[in-house]
Amino acid sequence: MLGLASAAPAGDGQAEFAVWTEDACQGRGVGSLLLRALLRRLAEQGTAVAIGIIEPGNQAMRRLVAKVAPEAATGHEDGMIVARIPLAGGPDGKHSTS
Ligand SMILES: CC(C)(COP(=O)(O)OP(=O)(O)OC[C@H]1O[C@@H](n2cnc3c(N)ncnc32)[C@H](O)[C@@H]1OP(=O)(O)O)[C@@H](O)C(=O)NCCC(=O)NCCS
């Protein structure tokens, strides 16, 4: 297995996502592919906002989100970085099925 991406409903049309790439395969675009595919799937299902909760020191995940979803709104909550990505299922979304 190269990696995994998952999402769970978080209420109000939102879903919380996570991405993981096998250590030996990191830095080769696997995480980007997985996150793009996951956001597309969530948008297809009508999710309005995808939420990623990221440890501040997790530079790889921060760069991944910044690259795949530059429109994400990020803030700090309870010592974590929270990235909110608007999807095609909501009013401001860009990650559509096309
Ligand atoms: C975050 C993670 C999924 C990224 O996966 P990946 O397959 O390496 O992602 P990509 O190859 O598509 O790279 C995406 C960006 O992250 C950057 N990146 C990858 N590994 C990095 C590292 N160790 N340090 C800093 N940046 C890193 C890449 O350079 C790329 O940014 P760029 O295009 O601006 O250069 C992976 O590091 C991982 O599984 N980490 C452990 C699990 C985790 O913390 N998941 C997040 C929980 S929400």
# chains A, B, ... in the order shown; residues from 1 in each chain; ligands from 1
>>> residues_near_ligand(ligand="ligand 1", cutoff="8 Å", atoms="only C-alpha atoms and all ligand atoms", output="ChimeraX atom specification")
/A:3,17-23,25-33,52-55,58-67
>>> write_last_selection(atoms="C-alpha atoms", output="PDB file, in the first residue's frame")
ATOM      1  CA  GLY A   3      -1.052   5.562   1.152  1.00  0.00           C
ATOM      2  CA  PHE A  17     -10.129  14.349   6.399  1.00  0.00           C
ATOM      3  CA  ALA A  18      -6.764  12.705   6.946  1.00  0.00           C
ATOM      4  CA  VAL A  19      -4.046  11.609   4.514  1.00  0.00           C
ATOM      5  CA  TRP A  20      -1.152   9.216   5.033  1.00  0.00           C
ATOM      6  CA  THR A  21       1.657   8.162   2.680  1.00  0.00           C
ATOM      7  CA  GLU A  22       3.997   5.248   3.358  1.00  0.00           C
ATOM      8  CA  ASP A  23       7.375   6.663   4.533  1.00  0.00           C
ATOM      9  CA  CYS A  25       6.922   6.873  -0.912  1.00  0.00           C
ATOM     10  CA  GLN A  26       6.687  10.371   0.551  1.00  0.00           C
ATOM     11  CA  GLY A  27       7.617  13.414  -1.515  1.00  0.00           C
ATOM     12  CA  ARG A  28       6.598  11.788  -4.821  1.00  0.00           C
ATOM     13  CA  GLY A  29       3.113  13.209  -5.197  1.00  0.00           C
ATOM     14  CA  VAL A  30       1.137  10.342  -3.632  1.00  0.00           C
ATOM     15  CA  GLY A  31      -0.351  12.563  -0.899  1.00  0.00           C
ATOM     16  CA  SER A  32      -1.351  15.188  -3.474  1.00  0.00           C
ATOM     17  CA  LEU A  33      -3.096  12.585  -5.645  1.00  0.00           C
ATOM     18  CA  GLY A  52      -8.022  19.129   8.062  1.00  0.00           C
ATOM     19  CA  ILE A  53      -6.630  19.310  11.597  1.00  0.00           C
ATOM     20  CA  ILE A  54      -2.870  19.584  11.411  1.00  0.00           C
ATOM     21  CA  GLU A  55      -0.140  19.629  14.048  1.00  0.00           C
ATOM     22  CA  ASN A  58       3.723  18.921  10.355  1.00  0.00           C
ATOM     23  CA  GLN A  59       5.328  20.828   7.481  1.00  0.00           C
ATOM     24  CA  ALA A  60       4.577  18.086   4.953  1.00  0.00           C
ATOM     25  CA  MET A  61       0.828  18.241   5.598  1.00  0.00           C
ATOM     26  CA  ARG A  62       0.828  22.029   5.690  1.00  0.00           C
ATOM     27  CA  ARG A  63       2.581  22.139   2.303  1.00  0.00           C
ATOM     28  CA  LEU A  64       0.304  19.466   0.918  1.00  0.00           C
ATOM     29  CA  VAL A  65      -2.842  21.425   1.811  1.00  0.00           C
ATOM     30  CA  ALA A  66      -1.334  24.720   0.603  1.00  0.00           C
ATOM     31  CA  LYS A  67      -0.498  23.108  -2.743  1.00  0.00           C
TER      32      LYS A  67
END
>>> select_by_dssp(residues="chain A", states="helix (DSSP H, G or I)", output="list in words")
Asp23, Ala24, Cys25, Val30, Gly31, Ser32, Leu33, Leu34, Leu35, Arg36, Ala37, Leu38, Leu39, Arg40, Arg41, Leu42, Ala43, Glu44, Gln59, Ala60, Met61, Arg62, Arg63, Leu64, Val65, Ala66, Lys67 and Val68 of chain A
>>> select_by_dssp(residues="chain A", states="strand (DSSP E)", output="short mmCIF file (atom, residue, chain, number, x, y, z; two decimals) with N, CA and C atoms, in the first residue's frame")
data_model
loop_
_atom_site.label_atom_id
_atom_site.label_comp_id
_atom_site.auth_asym_id
_atom_site.auth_seq_id
_atom_site.Cartn_x
_atom_site.Cartn_y
_atom_site.Cartn_z
N GLY A 3 -0.50 4.54 0.27
CA GLY A 3 -1.05 5.56 1.15
C GLY A 3 -2.53 5.41 1.32
N LEU A 4 -3.08 6.27 2.15
CA LEU A 4 -4.50 6.21 2.47
C LEU A 4 -5.05 7.63 2.63
N ALA A 5 -6.29 7.83 2.24
CA ALA A 5 -6.97 9.08 2.54
C ALA A 5 -8.35 8.72 3.05
N SER A 6 -8.78 9.40 4.11
CA SER A 6 -10.08 9.09 4.67
C SER A 6 -10.78 10.37 5.08
N ALA A 7 -12.10 10.26 5.24
CA ALA A 7 -12.88 11.41 5.69
C ALA A 7 -14.06 10.90 6.49
N ALA A 8 -14.45 11.69 7.48
CA ALA A 8 -15.61 11.33 8.31
C ALA A 8 -16.52 12.55 8.43
N PRO A 9 -17.84 12.33 8.39
CA PRO A 9 -18.77 13.46 8.53
C PRO A 9 -18.51 14.21 9.83
N ALA A 10 -18.58 15.55 9.73
CA ALA A 10 -18.35 16.38 10.92
C ALA A 10 -19.52 17.33 11.16
N GLY A 11 -20.68 17.03 10.57
CA GLY A 11 -21.87 17.84 10.79
C GLY A 11 -21.93 19.07 9.90
N GLN A 14 -20.05 19.28 6.62
CA GLN A 14 -18.59 19.27 6.70
C GLN A 14 -18.08 17.85 6.88
N ALA A 15 -16.83 17.63 6.48
CA ALA A 15 -16.19 16.33 6.70
C ALA A 15 -14.74 16.58 7.10
N GLU A 16 -14.27 15.79 8.06
CA GLU A 16 -12.87 15.92 8.50
C GLU A 16 -12.04 14.86 7.78
N PHE A 17 -10.92 15.28 7.19
CA PHE A 17 -10.13 14.35 6.40
C PHE A 17 -8.75 14.12 7.00
N ALA A 18 -8.14 13.02 6.58
CA ALA A 18 -6.76 12.70 6.95
C ALA A 18 -6.10 12.02 5.75
N VAL A 19 -4.81 12.22 5.61
CA VAL A 19 -4.05 11.61 4.51
C VAL A 19 -2.78 11.01 5.10
N TRP A 20 -2.39 9.86 4.58
CA TRP A 20 -1.15 9.22 5.03
C TRP A 20 -0.46 8.59 3.83
N THR A 21 0.85 8.81 3.72
CA THR A 21 1.66 8.16 2.68
C THR A 21 2.76 7.34 3.35
N VAL A 49 -17.65 21.65 3.00
CA VAL A 49 -16.34 22.06 3.53
C VAL A 49 -15.59 20.82 4.03
N ALA A 50 -14.34 20.68 3.59
CA ALA A 50 -13.46 19.63 4.11
C ALA A 50 -12.52 20.25 5.13
N ILE A 51 -12.40 19.59 6.26
CA ILE A 51 -11.61 20.14 7.37
C ILE A 51 -10.41 19.24 7.65
N GLY A 52 -9.23 19.85 7.68
CA GLY A 52 -8.02 19.13 8.06
C GLY A 52 -7.48 19.71 9.36
N ILE A 53 -7.20 18.85 10.32
CA ILE A 53 -6.63 19.31 11.60
C ILE A 53 -5.18 18.85 11.62
N ILE A 54 -4.28 19.85 11.68
CA ILE A 54 -2.87 19.58 11.41
C ILE A 54 -2.01 20.04 12.59
N ALA A 73 -9.02 28.11 4.07
CA ALA A 73 -8.91 29.11 5.14
C ALA A 73 -8.29 28.41 6.34
N THR A 74 -7.18 28.93 6.82
CA THR A 74 -6.52 28.27 7.94
C THR A 74 -6.55 29.14 9.19
N GLY A 75 -6.66 28.48 10.33
CA GLY A 75 -6.64 29.19 11.60
C GLY A 75 -6.09 28.28 12.68
N HIS A 76 -5.88 28.83 13.85
CA HIS A 76 -5.36 28.04 14.97
C HIS A 76 -6.48 27.79 15.98
N GLU A 77 -6.63 26.53 16.36
CA GLU A 77 -7.64 26.18 17.36
C GLU A 77 -7.05 25.13 18.29
N MET A 80 -3.78 23.54 17.45
CA MET A 80 -3.66 22.87 16.16
C MET A 80 -3.98 23.86 15.04
N ILE A 81 -3.50 23.54 13.84
CA ILE A 81 -3.90 24.33 12.67
C ILE A 81 -5.12 23.66 12.06
N VAL A 82 -6.15 24.45 11.82
CA VAL A 82 -7.37 23.91 11.22
C VAL A 82 -7.52 24.53 9.83
N ALA A 83 -7.51 23.67 8.82
CA ALA A 83 -7.66 24.13 7.43
C ALA A 83 -9.07 23.78 6.96
N ARG A 84 -9.79 24.78 6.48
CA ARG A 84 -11.16 24.56 5.97
C ARG A 84 -11.15 24.79 4.46
N ILE A 85 -11.45 23.74 3.73
CA ILE A 85 -11.40 23.79 2.26
C ILE A 85 -12.83 23.82 1.72
N PRO A 86 -13.23 24.93 1.05
CA PRO A 86 -14.57 24.98 0.46
C PRO A 86 -14.65 24.06 -0.76
#
>>> closest_residue(among="A:Gly79, A:Ala69, A:Leu35, A:Ala24", to="Gly57 (chain A)", atoms="only C-alpha atoms")
A:Gly79
